[in-house]
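Text of data-v9.txt, listed as compact mmCIF, C-alpha atoms:
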# COMPACT_ATOMS: atom_id res chain seq x y z
CA MET A 150 96.22 113.25 115.61
CA ASP A 151 99.84 113.21 114.44
CA ARG A 152 99.30 113.53 110.67
CA GLU A 153 103.02 113.32 109.88
CA ARG A 154 103.34 110.00 111.72
CA SER A 155 100.14 108.66 110.14
CA GLY A 156 101.39 109.70 106.70
CA ARG A 157 104.74 107.98 107.27
CA GLN A 158 102.97 104.83 108.48
CA LEU A 159 100.67 104.85 105.44
CA ARG A 160 103.66 105.20 103.10
CA LEU A 161 105.33 102.26 104.84
CA ILE A 162 102.12 100.21 104.61
CA GLY A 163 102.11 100.87 100.86
CA GLU A 164 105.80 99.98 100.64
CA THR A 165 105.24 96.75 102.58
CA VAL A 166 102.35 95.77 100.32
CA GLY A 167 104.61 96.34 97.31
CA ILE A 168 107.45 94.32 98.83
CA ALA A 169 105.10 91.46 99.67
CA LYS A 170 103.64 91.47 96.17
CA ALA A 171 107.11 91.46 94.59
CA CYS A 172 108.08 88.51 96.82
CA GLY A 173 104.85 86.61 96.09
CA VAL A 174 103.89 86.83 99.76
CA GLU A 175 100.45 87.52 101.23
CA VAL A 176 100.26 90.02 104.10
CA ARG A 177 97.17 91.31 105.89
CA LEU A 178 96.83 94.18 108.30
CA ARG A 179 95.55 93.46 111.80
CA GLY A 180 94.94 95.78 114.72
CA GLY A 181 94.17 99.48 114.45
CA TRP A 182 95.29 99.94 110.86
CA ALA A 183 93.12 97.00 109.75
CA MET A 184 90.17 98.77 111.36
CA ASP A 185 90.99 102.04 109.59
CA PHE A 186 91.35 100.30 106.21
CA PHE A 187 87.99 98.59 106.84
CA LEU A 188 86.33 101.90 107.77
CA GLY A 189 88.10 103.83 105.00
CA GLU A 190 89.41 106.58 107.27
CA VAL A 191 92.15 107.20 109.80
CA THR A 192 90.36 107.20 113.14
CA ARG A 193 93.24 107.63 115.62
CA ASP A 194 96.99 107.65 116.11
CA HIS A 195 98.75 104.30 115.76
CA GLU A 196 101.86 103.24 117.64
CA ASP A 197 102.92 100.68 115.05
CA ILE A 198 101.75 98.56 112.13
CA ASP A 199 100.51 95.04 112.84
CA TRP A 200 100.34 92.37 110.15
CA PHE A 201 99.67 88.70 109.59
CA ALA A 202 101.82 86.66 107.20
CA TRP A 203 102.21 82.94 106.54
CA ALA A 204 105.10 81.25 108.35
CA ALA A 205 106.05 79.51 105.09
CA ASP A 206 106.68 82.97 103.60
CA ALA A 207 108.73 84.34 106.53
CA ALA A 208 112.14 83.96 104.86
CA ALA A 209 111.05 85.60 101.59
CA LEU A 210 109.28 88.43 103.45
CA THR A 211 112.30 89.01 105.70
CA ASP A 212 114.64 89.11 102.70
CA GLY A 213 112.41 91.61 100.88
CA LEU A 214 112.09 93.87 103.92
CA LEU A 215 115.82 93.80 104.67
CA ARG A 216 116.66 94.64 101.03
CA SER A 217 114.32 97.65 101.34
CA GLY A 218 116.02 99.08 104.41
CA TRP A 219 113.91 97.60 107.19
CA GLU A 220 115.93 96.58 110.24
CA PRO A 221 115.08 93.54 112.40
CA LEU A 222 114.08 94.03 116.03
CA PRO A 223 114.21 91.53 118.88
CA GLY A 224 110.81 90.33 119.96
CA PRO A 225 108.73 87.21 120.41
CA PRO A 226 110.06 83.87 119.16
CA PRO A 227 110.85 84.26 115.43
CA ASP A 228 108.62 81.31 114.54
CA GLN A 229 105.72 83.25 116.13
CA GLN A 230 106.35 86.85 115.03
CA LEU A 231 108.86 88.95 113.08
CA ASP A 232 109.48 92.56 114.12
CA PHE A 233 111.10 95.28 112.00
CA VAL A 234 111.64 99.06 112.10
CA LYS A 235 112.10 101.70 109.41
CA GLN A 236 112.00 105.48 109.74
CA GLY A 237 111.08 105.06 113.41
CA VAL A 238 108.00 102.95 112.61
CA GLU A 239 107.73 99.42 113.93
CA SER A 240 106.00 96.68 111.95
CA SER A 241 105.25 93.27 113.43
CA PHE A 242 104.25 90.21 111.43
CA ALA A 243 102.41 87.55 113.44
CA LEU A 244 102.99 84.29 111.62
CA LEU A 245 100.17 81.98 110.59
CA ASP A 246 99.94 78.31 109.78
CA ARG A 247 97.16 75.79 109.26
CA ASP A 248 96.46 72.77 111.42
CA ARG A 249 95.52 69.33 110.11
CA SER A 250 91.88 70.42 109.86
CA GLY A 251 92.80 73.48 107.78
CA ARG A 252 92.09 76.02 110.53
CA VAL A 253 94.31 79.10 110.71
CA VAL A 254 96.54 78.83 113.78
CA VAL A 255 99.44 80.55 115.53
CA ALA A 256 102.57 79.27 113.77
CA GLY A 257 105.02 79.13 116.68
CA GLY A 258 106.00 80.24 120.13
CA PRO A 259 104.12 79.42 123.34
CA TRP A 260 100.72 79.55 121.60
CA ALA A 261 101.69 77.42 118.59
CA GLY A 262 98.69 75.59 117.19
CA GLU A 263 96.10 77.83 118.88
CA SER A 264 93.28 78.77 116.51
CA TRP A 265 92.68 82.28 115.26
CA PRO A 266 89.03 83.39 114.81
CA GLU A 267 87.01 81.53 112.19
CA GLY A 268 86.66 83.54 108.98
CA MET A 269 89.53 85.86 109.90
CA LEU A 270 90.94 85.77 106.36
CA ASP A 271 87.59 86.12 104.57
CA ALA A 272 87.64 89.94 104.37
CA ALA A 273 87.86 91.82 101.11
CA GLU A 274 90.75 94.23 100.72
CA GLY A 275 90.55 97.35 102.82
CA ARG A 276 91.11 100.80 101.42
CA LEU A 277 92.30 104.21 102.56
CA GLY A 278 92.19 106.69 99.70
CA ALA A 279 93.92 105.02 96.75
CA LEU A 280 95.86 102.59 98.97
CA ARG A 281 94.47 99.06 99.09
CA CYS A 282 95.63 96.36 101.45
CA GLY A 283 94.63 92.93 102.68
CA ILE A 284 93.00 93.07 106.11
CA ILE A 285 91.50 90.61 108.54
CA SER A 286 87.71 90.58 108.88
CA ALA A 287 86.05 93.15 111.12
CA ARG A 288 84.43 90.39 113.20
CA ALA A 289 87.83 88.79 113.78
CA GLN A 290 89.24 92.19 114.74
CA ILE A 291 86.50 92.54 117.35
CA GLU A 292 87.11 89.03 118.70
CA ILE A 293 90.88 89.49 118.92
CA LYS A 294 90.57 92.86 120.67
CA ARG A 295 87.87 91.47 123.00
CA MET A 296 89.74 88.27 123.85
CA THR A 297 93.37 89.46 124.14
CA PRO A 298 93.06 90.14 127.91
CA VAL A 299 91.73 86.58 128.32
CA TRP A 300 94.29 84.96 126.01
CA VAL A 301 97.18 86.93 127.52
CA PRO A 302 96.56 87.07 131.28
CA GLY A 303 97.89 90.24 132.83
CA ARG A 304 97.31 92.33 129.72
CA PRO A 305 94.40 94.63 130.48
CA ARG A 306 91.97 95.83 127.86
CA ARG A 307 93.25 99.13 126.59
CA ARG A 308 90.96 102.11 126.14
CA LYS A 309 91.81 102.28 122.43
CA ASP A 310 90.76 98.62 122.02
CA ALA A 311 87.39 99.27 123.63
CA GLU A 312 86.91 102.29 121.35
CA ASP A 313 87.96 100.24 118.30
CA ILE A 314 85.47 97.51 119.22
CA SER A 315 82.73 100.13 119.47
CA ARG A 316 83.63 101.64 116.06
CA LEU A 317 83.71 98.24 114.37
CA ARG A 318 80.44 97.06 115.94
CA SER A 319 78.77 100.29 114.84
CA ALA A 320 80.09 99.92 111.28
CA LEU A 321 78.74 96.36 111.18
CA GLY A 322 75.36 97.48 112.54
CA LEU A 323 75.79 95.46 115.74
CA LYS A 324 74.41 96.55 119.08
CA ALA A 325 76.93 97.90 121.56
What is this file in structure tokens?
Amino acid sequence: MDRERSGRQLRLIGETVGIAKACGVEVRLRGGWAMDFFLGEVTRDHEDIDWFAWAADAAALTDGLLRSGWEPLPGPPPDQQLDFVKQGVESSFALLDRDRSGRVVVAGGPWAGESWPEGMLDAAEGRLGALRCGIISARAQIEIKRMTPVWVPGRPRRRKDAEDISRLRSALGLKA
């Protein structure tokens, strides 16, 4: 495991949490870092940092990140996801909205209005050492990792996703 990279990513997670708090914006980790904050330990190397944020907060979050030295990156439609880089670490913020029934949905792009897993935002804060951060629920993490190859045809299940699913199921006491 690349401890220097993990340390840099953890510092940037802490910085992002501070920026979001100062801007009055809610952010939650998703993906591999959400799993590690749920488990309370770094389990593997991470390529990037994946987040969820509310679409209504996108402008405030962008302003806070830019003022703190983050640089924007091109990526998916900006009403769907915002991508930034700092110190060689990429952070992506998938944007959320609610539909008329109050369900959490994809805010924009080709999947606008599609529902995210039920209960995704019901998780308590995750923790790694002294660092605390909002995360999505472990069950939602499993569903997203399990369903991504179905939701995004042509994207195969990655080995790390299968391993993450196994770790999360074990931590929840679920059968493999």
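Take the candidates A:Ile162, A:Ala202, A:Ala207, A:Ala311 and check each one against Met296 of chain A using all atoms listed in the file; the shortest distance goes to A:Ala311.
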Query raised in the report: Near segment 172-178 of chain A, counting only C-alpha atoms, which residues have an atom at most 8 Å away, once you skip same-chain residues fewer than 2 positions from it, shown as a VMD selection string?
Result: chain A and resid 166 168 to 170 180 182 to 183 198 to 203 206 209 to 210 213 282 to 285
Long-range neighbours of Arg306 of chain A as a compact mmCIF listing (two decimals) with C-alpha atoms, in the frame of the given file, 8 Å cut-off, all atoms listed in the file, 4 positions minimum in chain:
# COMPACT_ATOMS: atom_id res chain seq x y z
CA LYS A 294 90.57 92.86 120.67
CA ARG A 295 87.87 91.47 123.00
CA THR A 297 93.37 89.46 124.14
CA PRO A 298 93.06 90.14 127.91
CA ASP A 310 90.76 98.62 122.02
CA ALA A 311 87.39 99.27 123.63
**Report entry** Spatial neighbours of Ser217 of chain A, max dist 12 Å, all atoms listed in the file, sep filter under 5 positions, as a count of residues only
**Finding:** 15
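The gap separating atom CA of Arg281 of chain A from atom CA of Trp219 of chain A is 21.1 Å, in Å to one decimal.
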For the point (91.0, 100.8, 111.0) in the file's frame, write as an mmCIF file with C-alpha atoms, in the frame of the given file all residues with an atom no more than 10 Å away, counting only C-alpha atoms.
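Output file out-v9.cif follows:
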data_model
loop_
_atom_site.group_PDB
_atom_site.id
_atom_site.type_symbol
_atom_site.label_atom_id
_atom_site.label_comp_id
_atom_site.auth_asym_id
_atom_site.auth_seq_id
_atom_site.Cartn_x
_atom_site.Cartn_y
_atom_site.Cartn_z
ATOM 1 C CA LEU A 178 96.830 94.180 108.300
ATOM 2 C CA ARG A 179 95.550 93.460 111.800
ATOM 3 C CA GLY A 180 94.940 95.780 114.720
ATOM 4 C CA GLY A 181 94.170 99.480 114.450
ATOM 5 C CA TRP A 182 95.290 99.940 110.860
ATOM 6 C CA ALA A 183 93.120 97.000 109.750
ATOM 7 C CA MET A 184 90.170 98.770 111.360
ATOM 8 C CA ASP A 185 90.990 102.040 109.590
ATOM 9 C CA PHE A 186 91.350 100.300 106.210
ATOM 10 C CA PHE A 187 87.990 98.590 106.840
ATOM 11 C CA LEU A 188 86.330 101.900 107.770
ATOM 12 C CA GLY A 189 88.100 103.830 105.000
ATOM 13 C CA GLU A 190 89.410 106.580 107.270
ATOM 14 C CA VAL A 191 92.150 107.200 109.800
ATOM 15 C CA THR A 192 90.360 107.200 113.140
ATOM 16 C CA ARG A 193 93.240 107.630 115.620
ATOM 17 C CA HIS A 195 98.750 104.300 115.760
ATOM 18 C CA GLY A 275 90.550 97.350 102.820
ATOM 19 C CA ARG A 276 91.110 100.800 101.420
ATOM 20 C CA LEU A 277 92.300 104.210 102.560
ATOM 21 C CA ILE A 284 93.000 93.070 106.110
ATOM 22 C CA ALA A 287 86.050 93.150 111.120
ATOM 23 C CA GLN A 290 89.240 92.190 114.740
ATOM 24 C CA ASP A 313 87.960 100.240 118.300
ATOM 25 C CA ARG A 316 83.630 101.640 116.060
ATOM 26 C CA LEU A 317 83.710 98.240 114.370
#
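Straight-line separation from atom CA of Gln158 of chain A to atom CA of Asp194 of chain A: 10.1 Å.
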Requested in this report: Find the distance between atom CA of Ala279 of chain A and atom CA of Pro221 of chain A and write it in Å to one decimal.
Outcome: 28.7 Å
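Shortest atom-to-atom contact with Leu215 of chain A among A:Val255, A:Ala273, A:Leu245, A:Leu231: A:Leu231, counting all atoms listed in the file.
Minimum atom-to-atom distance to Glu239 of chain A, evaluated using all atoms listed in the file, belongs to A:Glu196 out of A:Glu196, A:Arg216, A:Arg157, A:Pro227.
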Report summary line: With distances taken over all atoms listed in the file, the candidate from A:Gly257, A:Ile291, A:Pro226, A:Ser240 nearest Leu321 of chain A is A:Ile291
Determine, counting only C-alpha atoms, which protein, DNA and RNA residues have an atom within 8 Å of an atom of Pro266 of chain A; residues of the same chain fewer than 5 positions away are not included. Present the result as a PDB file with C-alpha atoms, in the coordinates of the input.
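around.pdb was written with the following content:
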ATOM      1  CA  VAL A 253      94.310  79.100 110.710  1.00  0.00           C
ATOM      2  CA  ALA A 289      87.830  88.790 113.780  1.00  0.00           C
ATOM      3  CA  GLU A 292      87.110  89.030 118.700  1.00  0.00           C
ATOM      4  CA  ILE A 293      90.880  89.490 118.920  1.00  0.00           C
TER       5      ILE A 293
END
